[in-house]
Amino acid sequence: AIPTVRHGLVGVMRTVVTVHRVRAGLVQAGVGDREGRPPWLPWARPIGAKGVVVGVWLRAGTTPGDLRAAAPVVAAACGAAVVEVEQHGRDDRVELHVVRPRWGRPGR
């Protein structure tokens, strides 16, 4: 039971840290509305050992194309190999797939 609990806690911690780093990357990339407010990040969930999916609600004046252009900056802020942007049915809802964060022990 201990390894299962440990993996669950690591997933939760990875999710919390990744959301913070995604927000920092969006601010560094200048993604936001006219007043400089970044998009909302209402939820996140771990994807096993591969990464984290972060839900993004875009503010008025921000497009999914802005997030695609900022993906390399967000990846650098998250320490991720790749950040993929996936749009949903509505124009103001996007998912960021932060793939394989590099923080933690190297090689794992």
# chains A, B, ... in the order shown; residues from 1 in each chain; ligands from 1
$ residues_around --residues "A:Asp66" --least-positions-apart "6" --cutoff "12 Å" --atoms "only C-alpha atoms" --output "ChimeraX atom specification"
/A:26,29-33,38-39,58-59,72-74,85,92,94
$ closest_residue --among "A:Ala69, A:Ala44, A:Ile2, A:Ala81" --to "A:Val17" --atoms "only C-alpha atoms"
A:Ala44
$ closest_residue --among "A:Leu67, A:Val16, A:Gly8, A:Gln28" --to "A:Pro42" --atoms "only C-alpha atoms"
A:Val16
$ atom_distance --atom1 "atom CA of A:Asp91" --atom2 "atom CA of A:Val53"
18.0 Å
$ select_by_dssp --residues "stretch 4-81 of chain A" --states "helix (DSSP H, G or I)" --output "ChimeraX atom specification"
/A:4-29,64-78
$ residues_around --residues "A:Gly11" --least-positions-apart "5" --cutoff "12 Å" --atoms "only C-alpha atoms" --output "list in words"
Thr4, Val5, Arg6, Val16, Val17, Thr18, Ala44, Arg45, Pro46, Ile47, Gly48, Ala49, Lys50, Gly51, Val52, Val53 and Pro101 of chain A
$ write_last_selection --atoms "C-alpha atoms" --output "compact mmCIF listing (two decimals), in the first residue's frame"
# COMPACT_ATOMS: atom_id res chain seq x y z
CA THR A 4 0.58 3.17 -4.19
CA VAL A 5 0.11 6.02 -1.75
CA ARG A 6 3.53 7.42 -2.61
CA VAL A 16 0.27 21.45 -8.19
CA VAL A 17 3.80 22.41 -9.23
CA THR A 18 3.02 22.10 -12.94
CA ALA A 44 -5.35 19.80 -13.73
CA ARG A 45 -4.86 16.06 -13.57
CA PRO A 46 -1.82 13.80 -13.77
CA ILE A 47 -1.34 11.40 -16.69
CA GLY A 48 0.51 8.57 -15.02
CA ALA A 49 4.26 9.12 -15.12
CA LYS A 50 4.09 10.93 -18.48
CA GLY A 51 2.92 14.35 -17.43
CA VAL A 52 -0.02 16.56 -16.54
CA VAL A 53 -3.08 17.87 -18.39
CA PRO A 101 8.38 17.17 -16.82
$ closest_residue --among "A:Gly55, A:Gly89, A:Gly65, A:Pro3" --to "A:Arg23" --atoms "only C-alpha atoms"
A:Gly55
$ closest_residue --among "A:Arg21, A:Arg100, A:Arg93, A:Arg14" --to "A:Cys78" --atoms "only C-alpha atoms"
A:Arg21
$ atom_distance --atom1 "atom CA of A:Gly36" --atom2 "atom CA of A:Thr62"
10.7 Å
$ closest_residue --among "A:Ala77, A:Val10, A:Val99, A:Leu41" --to "A:Trp57" --atoms "only C-alpha atoms"
A:Leu41
$ decode --residues "stretch 9-21 of chain A" --atoms "N, CA, C and O atoms" --output "mmCIF file, in the first residue's frame"
data_model
loop_
_atom_site.group_PDB
_atom_site.id
_atom_site.type_symbol
_atom_site.label_atom_id
_atom_site.label_comp_id
_atom_site.auth_asym_id
_atom_site.auth_seq_id
_atom_site.Cartn_x
_atom_site.Cartn_y
_atom_site.Cartn_z
ATOM 1 N N LEU A 9 0.623 10.547 -4.131
ATOM 2 C CA LEU A 9 1.078 11.841 -3.619
ATOM 3 C C LEU A 9 2.036 12.528 -4.580
ATOM 4 O O LEU A 9 1.997 13.753 -4.741
ATOM 5 N N VAL A 10 2.892 11.757 -5.238
ATOM 6 C CA VAL A 10 3.801 12.341 -6.236
ATOM 7 C C VAL A 10 2.995 12.926 -7.382
ATOM 8 O O VAL A 10 3.302 14.017 -7.878
ATOM 9 N N GLY A 11 1.943 12.245 -7.812
ATOM 10 C CA GLY A 11 1.086 12.765 -8.877
ATOM 11 C C GLY A 11 0.410 14.062 -8.492
ATOM 12 O O GLY A 11 0.334 15.000 -9.286
ATOM 13 N N VAL A 12 -0.079 14.132 -7.255
ATOM 14 C CA VAL A 12 -0.726 15.359 -6.775
ATOM 15 C C VAL A 12 0.283 16.498 -6.704
ATOM 16 O O VAL A 12 0.006 17.621 -7.142
ATOM 17 N N MET A 13 1.464 16.236 -6.163
ATOM 18 C CA MET A 13 2.491 17.286 -6.070
ATOM 19 C C MET A 13 2.931 17.746 -7.460
ATOM 20 O O MET A 13 3.124 18.940 -7.700
ATOM 21 N N ARG A 14 3.104 16.810 -8.388
ATOM 22 C CA ARG A 14 3.488 17.166 -9.756
ATOM 23 C C ARG A 14 2.421 18.063 -10.386
ATOM 24 O O ARG A 14 2.736 19.028 -11.073
ATOM 25 N N THR A 15 1.149 17.757 -10.115
ATOM 26 C CA THR A 15 0.059 18.553 -10.664
ATOM 27 C C THR A 15 0.086 19.972 -10.111
ATOM 28 O O THR A 15 -0.026 20.936 -10.869
ATOM 29 N N VAL A 16 0.251 20.116 -8.809
ATOM 30 C CA VAL A 16 0.267 21.446 -8.186
ATOM 31 C C VAL A 16 1.444 22.273 -8.708
ATOM 32 O O VAL A 16 1.288 23.440 -9.078
ATOM 33 N N VAL A 17 2.607 21.678 -8.765
ATOM 34 C CA VAL A 17 3.796 22.406 -9.226
ATOM 35 C C VAL A 17 3.678 22.752 -10.708
ATOM 36 O O VAL A 17 4.031 23.861 -11.127
ATOM 37 N N THR A 18 3.148 21.845 -11.507
ATOM 38 C CA THR A 18 3.022 22.104 -12.940
ATOM 39 C C THR A 18 2.052 23.244 -13.213
ATOM 40 O O THR A 18 2.308 24.082 -14.082
ATOM 41 N N VAL A 19 0.929 23.308 -12.488
ATOM 42 C CA VAL A 19 -0.012 24.416 -12.672
ATOM 43 C C VAL A 19 0.670 25.744 -12.371
ATOM 44 O O VAL A 19 0.519 26.725 -13.117
ATOM 45 N N HIS A 20 1.426 25.798 -11.296
ATOM 46 C CA HIS A 20 2.154 27.026 -10.957
ATOM 47 C C HIS A 20 3.143 27.394 -12.068
ATOM 48 O O HIS A 20 3.236 28.552 -12.475
ATOM 49 N N ARG A 21 3.858 26.403 -12.595
ATOM 50 C CA ARG A 21 4.846 26.674 -13.629
ATOM 51 C C ARG A 21 4.196 27.052 -14.955
ATOM 52 O O ARG A 21 4.733 27.871 -15.705
#
